[in-house]
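Visitor: query21.txt is reproduced in full below (compact mmCIF, N, CA and C atoms).
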# COMPACT_ATOMS: atom_id res chain seq x y z
N MET O 1286 36.09 115.01 -68.46
CA MET O 1286 35.08 113.97 -68.44
C MET O 1286 35.41 112.94 -69.52
N ARG O 1287 35.47 111.70 -69.13
CA ARG O 1287 35.82 110.62 -70.06
C ARG O 1287 34.56 110.07 -70.70
N VAL O 1288 34.58 109.96 -72.02
CA VAL O 1288 33.45 109.41 -72.76
C VAL O 1288 33.68 107.92 -72.92
N ARG O 1289 32.69 107.14 -72.61
CA ARG O 1289 32.79 105.68 -72.71
C ARG O 1289 32.83 105.26 -74.17
N GLN O 1290 33.79 104.41 -74.51
CA GLN O 1290 33.93 103.91 -75.88
C GLN O 1290 32.82 102.90 -76.17
N PRO O 1291 32.29 102.90 -77.36
CA PRO O 1291 31.28 101.89 -77.71
C PRO O 1291 31.89 100.49 -77.70
N TRP O 1292 31.09 99.49 -77.39
CA TRP O 1292 31.59 98.12 -77.29
C TRP O 1292 32.20 97.64 -78.58
N ASN O 1293 31.69 98.09 -79.73
CA ASN O 1293 32.23 97.58 -80.99
C ASN O 1293 33.66 98.07 -81.22
N ARG O 1294 34.00 99.23 -80.70
CA ARG O 1294 35.38 99.71 -80.81
C ARG O 1294 36.31 98.87 -79.95
N GLN O 1295 35.84 98.52 -78.75
CA GLN O 1295 36.62 97.65 -77.87
C GLN O 1295 36.79 96.28 -78.51
N LEU O 1296 35.72 95.78 -79.11
CA LEU O 1296 35.75 94.47 -79.77
C LEU O 1296 36.74 94.48 -80.93
N ARG O 1297 36.76 95.56 -81.71
CA ARG O 1297 37.71 95.65 -82.82
C ARG O 1297 39.14 95.62 -82.32
N GLY O 1298 39.40 96.30 -81.21
CA GLY O 1298 40.75 96.30 -80.64
C GLY O 1298 41.17 94.90 -80.21
N VAL O 1299 40.28 94.20 -79.53
CA VAL O 1299 40.56 92.83 -79.10
C VAL O 1299 40.73 91.93 -80.32
N GLY O 1300 39.84 92.10 -81.30
CA GLY O 1300 39.92 91.28 -82.52
C GLY O 1300 41.21 91.51 -83.27
N SER O 1301 41.65 92.76 -83.35
CA SER O 1301 42.91 93.06 -84.05
C SER O 1301 44.09 92.41 -83.36
N LEU O 1302 44.12 92.50 -82.03
CA LEU O 1302 45.21 91.88 -81.28
C LEU O 1302 45.21 90.37 -81.48
N LEU O 1303 44.04 89.75 -81.38
CA LEU O 1303 43.95 88.30 -81.57
C LEU O 1303 44.34 87.91 -82.99
N THR O 1304 43.94 88.69 -83.98
CA THR O 1304 44.31 88.40 -85.36
C THR O 1304 45.82 88.45 -85.53
N LEU O 1305 46.46 89.46 -84.94
CA LEU O 1305 47.92 89.57 -85.01
C LEU O 1305 48.58 88.35 -84.39
N LEU O 1306 48.10 87.95 -83.22
CA LEU O 1306 48.66 86.77 -82.57
C LEU O 1306 48.46 85.51 -83.40
N LEU O 1307 47.29 85.39 -84.02
CA LEU O 1307 47.00 84.22 -84.85
C LEU O 1307 47.87 84.22 -86.10
N CYS O 1308 48.14 85.39 -86.67
CA CYS O 1308 49.01 85.47 -87.85
C CYS O 1308 50.42 85.01 -87.52
N VAL O 1309 50.92 85.43 -86.37
CA VAL O 1309 52.26 85.00 -85.95
C VAL O 1309 52.28 83.49 -85.76
N THR O 1310 51.24 82.96 -85.14
CA THR O 1310 51.15 81.51 -84.94
C THR O 1310 51.08 80.77 -86.26
N ALA O 1311 50.34 81.32 -87.22
CA ALA O 1311 50.16 80.67 -88.52
C ALA O 1311 51.46 80.60 -89.31
N LEU O 1312 52.43 81.45 -89.00
CA LEU O 1312 53.68 81.47 -89.75
C LEU O 1312 54.58 80.28 -89.44
N SER O 1313 54.37 79.63 -88.31
CA SER O 1313 55.21 78.47 -87.99
C SER O 1313 54.70 77.26 -88.76
N ALA O 1314 55.52 76.73 -89.64
CA ALA O 1314 55.10 75.62 -90.52
C ALA O 1314 55.48 74.28 -89.90
N THR O 1315 54.47 73.50 -89.54
CA THR O 1315 54.68 72.15 -89.03
C THR O 1315 53.63 71.24 -89.64
N ALA O 1316 53.83 69.95 -89.46
CA ALA O 1316 52.87 68.98 -89.99
C ALA O 1316 51.67 68.81 -89.05
N GLU O 1317 51.76 69.33 -87.85
CA GLU O 1317 50.67 69.22 -86.89
C GLU O 1317 49.50 70.10 -87.32
N PRO O 1318 48.28 69.72 -86.94
CA PRO O 1318 47.14 70.60 -87.26
C PRO O 1318 47.31 71.95 -86.57
N LYS O 1319 46.79 72.99 -87.20
CA LYS O 1319 46.77 74.30 -86.58
C LYS O 1319 45.61 74.30 -85.60
N LYS O 1320 45.89 74.55 -84.33
CA LYS O 1320 44.87 74.46 -83.29
C LYS O 1320 44.53 75.85 -82.76
N PHE O 1321 43.23 76.09 -82.64
CA PHE O 1321 42.73 77.35 -82.13
C PHE O 1321 41.59 77.06 -81.17
N THR O 1322 41.39 77.95 -80.23
CA THR O 1322 40.25 77.87 -79.32
C THR O 1322 39.36 79.07 -79.56
N LEU O 1323 38.09 78.81 -79.80
CA LEU O 1323 37.10 79.87 -79.97
C LEU O 1323 36.11 79.78 -78.82
N MET O 1324 35.67 80.92 -78.33
CA MET O 1324 34.81 80.96 -77.17
C MET O 1324 33.55 81.75 -77.48
N ASN O 1325 32.41 81.19 -77.11
CA ASN O 1325 31.13 81.88 -77.24
C ASN O 1325 30.86 82.62 -75.94
N VAL O 1326 30.75 83.94 -76.02
CA VAL O 1326 30.56 84.77 -74.83
C VAL O 1326 29.46 85.80 -75.08
N LEU O 1327 29.04 86.42 -74.00
CA LEU O 1327 28.07 87.51 -74.06
C LEU O 1327 28.84 88.80 -73.78
N LEU O 1328 28.85 89.70 -74.75
CA LEU O 1328 29.56 90.97 -74.61
C LEU O 1328 28.55 92.10 -74.79
N GLU O 1329 28.24 92.78 -73.71
CA GLU O 1329 27.31 93.90 -73.71
C GLU O 1329 26.00 93.56 -74.44
N GLY O 1330 25.45 92.40 -74.12
CA GLY O 1330 24.15 92.00 -74.66
C GLY O 1330 24.18 91.27 -75.99
N THR O 1331 25.37 91.12 -76.59
CA THR O 1331 25.48 90.44 -77.87
C THR O 1331 26.29 89.16 -77.69
N LYS O 1332 25.75 88.06 -78.22
CA LYS O 1332 26.46 86.78 -78.15
C LYS O 1332 27.38 86.66 -79.34
N ILE O 1333 28.65 86.34 -79.07
CA ILE O 1333 29.65 86.32 -80.14
C ILE O 1333 30.62 85.16 -79.94
N TRP O 1334 31.23 84.74 -81.05
CA TRP O 1334 32.35 83.82 -81.02
C TRP O 1334 33.62 84.65 -81.10
N LEU O 1335 34.55 84.41 -80.19
CA LEU O 1335 35.86 85.08 -80.19
C LEU O 1335 36.95 84.03 -80.31
N PRO O 1336 38.02 84.26 -81.03
CA PRO O 1336 38.31 85.48 -81.76
C PRO O 1336 37.43 85.59 -83.01
N SER O 1337 37.42 86.79 -83.57
CA SER O 1337 36.57 87.04 -84.72
C SER O 1337 37.21 86.61 -86.03
N SER O 1338 38.47 86.19 -85.99
CA SER O 1338 39.10 85.65 -87.20
C SER O 1338 40.20 84.66 -86.83
N VAL O 1339 40.40 83.71 -87.72
CA VAL O 1339 41.45 82.69 -87.61
C VAL O 1339 42.17 82.69 -88.95
N VAL O 1340 43.51 82.69 -88.91
CA VAL O 1340 44.30 82.74 -90.13
C VAL O 1340 45.12 81.47 -90.28
N VAL O 1341 44.98 80.79 -91.44
CA VAL O 1341 45.74 79.58 -91.74
C VAL O 1341 46.18 79.62 -93.19
N TYR O 1342 46.96 78.64 -93.60
CA TYR O 1342 47.40 78.53 -95.00
C TYR O 1342 46.65 77.41 -95.70
N ALA O 1343 46.48 77.58 -97.01
CA ALA O 1343 45.80 76.58 -97.84
C ALA O 1343 46.51 75.24 -97.68
N GLY O 1344 45.73 74.20 -97.52
CA GLY O 1344 46.25 72.85 -97.39
C GLY O 1344 46.47 72.42 -95.95
N GLU O 1345 46.41 73.33 -95.00
CA GLU O 1345 46.65 72.97 -93.60
C GLU O 1345 45.43 72.31 -92.97
N GLU O 1346 45.73 71.39 -92.08
CA GLU O 1346 44.70 70.80 -91.24
C GLU O 1346 44.43 71.79 -90.10
N VAL O 1347 43.15 71.97 -89.78
CA VAL O 1347 42.76 72.93 -88.75
C VAL O 1347 41.91 72.21 -87.70
N GLU O 1348 42.20 72.49 -86.44
CA GLU O 1348 41.42 71.94 -85.34
C GLU O 1348 40.95 73.09 -84.47
N LEU O 1349 39.63 73.22 -84.32
CA LEU O 1349 39.05 74.28 -83.52
C LEU O 1349 38.39 73.68 -82.28
N THR O 1350 38.79 74.14 -81.12
CA THR O 1350 38.13 73.78 -79.87
C THR O 1350 37.12 74.89 -79.59
N LEU O 1351 35.87 74.52 -79.46
CA LEU O 1351 34.78 75.47 -79.29
C LEU O 1351 34.31 75.43 -77.84
N LEU O 1352 34.42 76.55 -77.15
CA LEU O 1352 33.98 76.65 -75.75
C LEU O 1352 32.73 77.49 -75.67
N ASN O 1353 31.66 76.92 -75.13
CA ASN O 1353 30.43 77.67 -74.92
C ASN O 1353 30.36 78.06 -73.45
N LYS O 1354 30.59 79.32 -73.16
CA LYS O 1354 30.58 79.83 -71.78
C LYS O 1354 29.18 80.24 -71.33
N LEU O 1355 28.19 80.09 -72.19
CA LEU O 1355 26.84 80.58 -71.90
C LEU O 1355 25.94 79.47 -71.36
N ASP O 1356 24.74 79.86 -70.95
CA ASP O 1356 23.80 78.94 -70.31
C ASP O 1356 22.81 78.27 -71.25
N GLU O 1357 23.04 78.36 -72.54
CA GLU O 1357 22.17 77.71 -73.52
C GLU O 1357 23.04 77.16 -74.66
N PRO O 1358 22.56 76.14 -75.37
CA PRO O 1358 23.35 75.60 -76.48
C PRO O 1358 23.51 76.64 -77.59
N HIS O 1359 24.66 76.57 -78.26
CA HIS O 1359 24.91 77.46 -79.40
C HIS O 1359 25.57 76.67 -80.52
N GLY O 1360 25.27 77.08 -81.73
CA GLY O 1360 25.81 76.41 -82.89
C GLY O 1360 27.11 77.04 -83.36
N PHE O 1361 27.80 76.26 -84.18
CA PHE O 1361 29.00 76.75 -84.85
C PHE O 1361 29.00 76.13 -86.23
N GLN O 1362 28.97 76.97 -87.25
CA GLN O 1362 28.87 76.47 -88.62
C GLN O 1362 29.86 77.20 -89.53
N ILE O 1363 30.58 76.39 -90.33
CA ILE O 1363 31.36 76.92 -91.44
C ILE O 1363 30.86 76.15 -92.66
N GLU O 1364 29.92 76.72 -93.35
CA GLU O 1364 29.25 76.03 -94.45
C GLU O 1364 30.23 75.55 -95.51
N ALA O 1365 31.23 76.36 -95.84
CA ALA O 1365 32.18 76.02 -96.90
C ALA O 1365 32.97 74.74 -96.61
N PHE O 1366 33.14 74.40 -95.32
CA PHE O 1366 33.91 73.21 -94.95
C PHE O 1366 33.01 72.10 -94.41
N GLY O 1367 31.70 72.27 -94.52
CA GLY O 1367 30.77 71.23 -94.06
C GLY O 1367 30.75 71.06 -92.55
N ILE O 1368 31.08 72.11 -91.82
CA ILE O 1368 31.10 72.06 -90.35
C ILE O 1368 29.78 72.58 -89.82
N GLU O 1369 29.13 71.78 -88.98
CA GLU O 1369 27.92 72.21 -88.29
C GLU O 1369 27.87 71.47 -86.96
N GLU O 1370 28.10 72.20 -85.89
CA GLU O 1370 28.20 71.63 -84.55
C GLU O 1370 27.28 72.39 -83.61
N VAL O 1371 26.78 71.69 -82.58
CA VAL O 1371 26.05 72.34 -81.49
C VAL O 1371 26.86 72.10 -80.23
N VAL O 1372 27.18 73.21 -79.55
CA VAL O 1372 27.97 73.13 -78.32
C VAL O 1372 27.02 73.38 -77.15
N GLN O 1373 26.95 72.41 -76.27
CA GLN O 1373 26.03 72.49 -75.13
C GLN O 1373 26.50 73.56 -74.14
N PRO O 1374 25.60 74.00 -73.25
CA PRO O 1374 25.96 75.04 -72.28
C PRO O 1374 27.14 74.61 -71.41
N LYS O 1375 28.04 75.54 -71.17
CA LYS O 1375 29.20 75.33 -70.30
C LYS O 1375 30.00 74.10 -70.71
N ALA O 1376 30.07 73.84 -72.02
CA ALA O 1376 30.75 72.65 -72.54
C ALA O 1376 31.65 73.05 -73.69
N GLN O 1377 32.33 72.05 -74.24
CA GLN O 1377 33.19 72.29 -75.39
C GLN O 1377 33.03 71.18 -76.41
N ALA O 1378 33.40 71.49 -77.64
CA ALA O 1378 33.39 70.53 -78.74
C ALA O 1378 34.60 70.83 -79.61
N THR O 1379 34.99 69.86 -80.42
CA THR O 1379 36.13 70.04 -81.31
C THR O 1379 35.69 69.73 -82.73
N VAL O 1380 36.08 70.58 -83.68
CA VAL O 1380 35.83 70.33 -85.09
C VAL O 1380 37.16 70.38 -85.83
N LYS O 1381 37.28 69.58 -86.88
CA LYS O 1381 38.49 69.51 -87.68
C LYS O 1381 38.14 69.60 -89.16
N PHE O 1382 39.02 70.26 -89.92
CA PHE O 1382 38.82 70.34 -91.36
C PHE O 1382 40.14 70.69 -92.01
N THR O 1383 40.18 70.52 -93.34
CA THR O 1383 41.34 70.94 -94.12
C THR O 1383 40.97 72.24 -94.83
N ALA O 1384 41.83 73.24 -94.67
CA ALA O 1384 41.63 74.53 -95.34
C ALA O 1384 42.07 74.35 -96.79
N ALA O 1385 41.17 73.87 -97.61
CA ALA O 1385 41.50 73.41 -98.96
C ALA O 1385 42.03 74.50 -99.89
N LYS O 1386 41.38 75.66 -99.92
CA LYS O 1386 41.84 76.69 -100.85
C LYS O 1386 41.72 78.07 -100.22
N ALA O 1387 42.51 78.99 -100.74
CA ALA O 1387 42.55 80.35 -100.21
C ALA O 1387 41.19 81.03 -100.32
N GLY O 1388 40.91 81.87 -99.35
CA GLY O 1388 39.67 82.63 -99.34
C GLY O 1388 39.30 83.03 -97.93
N ALA O 1389 38.17 83.68 -97.81
CA ALA O 1389 37.63 84.06 -96.51
C ALA O 1389 36.31 83.32 -96.32
N TYR O 1390 36.21 82.56 -95.23
CA TYR O 1390 35.06 81.70 -94.98
C TYR O 1390 34.43 82.07 -93.64
N SER O 1391 33.15 82.39 -93.67
CA SER O 1391 32.44 82.85 -92.47
C SER O 1391 32.10 81.70 -91.55
N TYR O 1392 32.14 82.00 -90.24
CA TYR O 1392 31.55 81.08 -89.26
C TYR O 1392 30.52 81.86 -88.45
N LEU O 1393 29.48 81.11 -88.03
CA LEU O 1393 28.38 81.72 -87.30
C LEU O 1393 27.66 80.67 -86.48
N CYS O 1394 26.71 81.12 -85.69
CA CYS O 1394 25.84 80.22 -84.95
C CYS O 1394 24.61 79.95 -85.82
N GLN O 1395 24.48 78.74 -86.34
CA GLN O 1395 23.36 78.41 -87.22
C GLN O 1395 22.04 78.35 -86.45
N MET O 1396 22.10 78.27 -85.13
CA MET O 1396 20.89 78.22 -84.32
C MET O 1396 20.34 79.62 -84.03
N HIS O 1397 21.21 80.60 -84.03
CA HIS O 1397 20.84 81.98 -83.69
C HIS O 1397 21.52 82.93 -84.68
N PRO O 1398 21.09 82.96 -85.93
CA PRO O 1398 21.78 83.73 -86.97
C PRO O 1398 22.06 85.19 -86.66
N PRO O 1399 21.26 85.91 -85.86
CA PRO O 1399 21.62 87.31 -85.64
C PRO O 1399 22.88 87.50 -84.81
N HIS O 1400 23.35 86.43 -84.16
CA HIS O 1400 24.56 86.54 -83.34
C HIS O 1400 25.78 86.77 -84.23
N LEU O 1401 26.81 87.36 -83.66
CA LEU O 1401 28.01 87.66 -84.43
C LEU O 1401 28.91 86.43 -84.56
N GLY O 1402 29.41 86.21 -85.73
CA GLY O 1402 30.34 85.12 -85.98
C GLY O 1402 31.70 85.67 -86.28
N GLY O 1403 32.38 85.06 -87.23
CA GLY O 1403 33.71 85.50 -87.60
C GLY O 1403 34.12 84.93 -88.93
N THR O 1404 35.44 84.90 -89.18
CA THR O 1404 35.95 84.50 -90.47
C THR O 1404 37.19 83.63 -90.33
N VAL O 1405 37.24 82.55 -91.10
CA VAL O 1405 38.48 81.79 -91.28
C VAL O 1405 39.13 82.34 -92.54
N ILE O 1406 40.32 82.89 -92.38
CA ILE O 1406 41.06 83.45 -93.52
C ILE O 1406 42.11 82.43 -93.93
N VAL O 1407 42.00 81.95 -95.16
CA VAL O 1407 42.94 80.96 -95.68
C VAL O 1407 43.82 81.66 -96.72
N LEU O 1408 45.13 81.70 -96.43
CA LEU O 1408 46.10 82.33 -97.30
C LEU O 1408 46.78 81.33 -98.20
N ASN O 1409 47.20 81.77 -99.39
CA ASN O 1409 48.04 80.92 -100.23
C ASN O 1409 49.41 80.77 -99.59
N LYS O 1410 50.01 79.59 -99.77
CA LYS O 1410 51.36 79.38 -99.21
C LYS O 1410 52.38 80.13 -100.02
In structure tokens, write the structure found in this file.
Guide:
Amino acid sequence: MRVRQPWNRQLRGVGSLLTLLLCVTALSATAEPKKFTLMNVLLEGTKIWLPSSVVVYAGEEVELTLLNKLDEPHGFQIEAFGIEEVVQPKAQATVKFTAAKAGAYSYLCQMHPPHLGGTVIVLNK
């Protein structure tokens, strides 16, 4: 008899894979902004932004395309970088910022704080 894995274990596996892919992408040094796509989805009753982490280097320009796959508007906020956006249902928005200094910076939905967000990880060069 197979026991069903909890959703958070599945989410961690997906998050780990995405983090690995993002780390590999972050290693390529170019003058172009680092571009990532984040998606707001409903996973087993919980609204989340995926991927759960983005990795860049200090000083890099970052461009995030935000896709809201849900039927209601959702926010996206990174307080440390002055980012606060509302993404309409079934729409997308783009935010840009410079990852000024190393650290871990949270992102979340400022409209629905109990929802799961993620982290922008800024590494020293």
Visitor: Go ahead and compute the interatomic distance for CA of Ala1365 in chain O and CA of Leu1408 in chain O, in Å to one decimal.
Guide: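 Here the two named atoms are 15.3 Å from each other.
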Visitor: Write out as a PyMOL selection string which residues come within 6.5 Å of Phe1382 in chain O when counting all atoms listed in the file, dropping same-chain ones fewer than 6 positions away.
Guide: chain O and resi 1345-1349
Visitor: Which one of O:Val1341, O:Val1326, O:Lys1332, O:Phe1321 sits closest to Pro1399 in chain O if you count only C-alpha atoms?
Guide: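 Looking at the shortest contact to Pro1399 in chain O, the residue is O:Lys1332.
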Visitor: So the first atom is atom N of Thr1331 in chain O and the second is atom C of Phe1361 in chain O; what is the distance between them in Å, to one decimal place?
Guide: 18.2 Å
Visitor: Within 6 Å of Leu1335 in chain O, counting only N, CA and C atoms, which residues qualify if same-chain residues fewer than 3 places away don't, as a VMD selection string?
Guide: chain O and resid 1322 to 1326
Visitor: What's the 6.5 Å shell around Gln1373 in chain O, counting only N, CA and C atoms, without same-chain residues fewer than 2 positions away, as a PyMOL selection string?
Guide: chain O and resi 1353+1357-1359+1371+1375-1377
Visitor: Record the distance separating CA of Ala1343 in chain O and CA of Lys1410 in chain O, expressed in Å with one decimal.
Guide: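 A separation of 6.4 Å between them.
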Visitor: Restricting the calculation to all atoms listed in the file, which member of O:Glu1364, O:Glu1329, O:Asp1356, O:Glu1317 is positioned closest to Ser1391 in chain O?
Guide: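 Smallest distance to Ser1391 in chain O is found for O:Glu1364.
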Visitor: For a cutoff of 6 Å around the file-coordinate point (26.5, 86.5, -84.1), which residues qualify once you count all atoms listed in the file? I'd like the result as an MDAnalysis selection string.
Guide: chainID O and resid 1332:1334 1394 1398:1402
Visitor: Listed atoms of range 1400-1403 of chain O, axis-aligned box, 8 Å per side: centre and edge lengths to one decimal in Å, as lines of an AutoDock Vina configuration file?
Guide:
center_x = 28.7
center_y = 86.3
center_z = -86.1
size_x = 26.8
size_y = 18.7
size_z = 21.6
Visitor: Just asking: which residues within range 1355-1409 of chain O are strand (DSSP E or B) according to DSSP, as a VMD selection string?
Guide: chain O and resid 1359 to 1363 1368 to 1372 1376 to 1383 1388 to 1393 1401 1403 to 1408
Visitor: Which residue gives the smallest distance to Gln1395 in chain O among O:Pro1318, O:Gly1360, O:Gly1344, O:Pro1336, with only N, CA and C atoms counted?
Guide: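 Nearest to Gln1395 in chain O: O:Gly1360.
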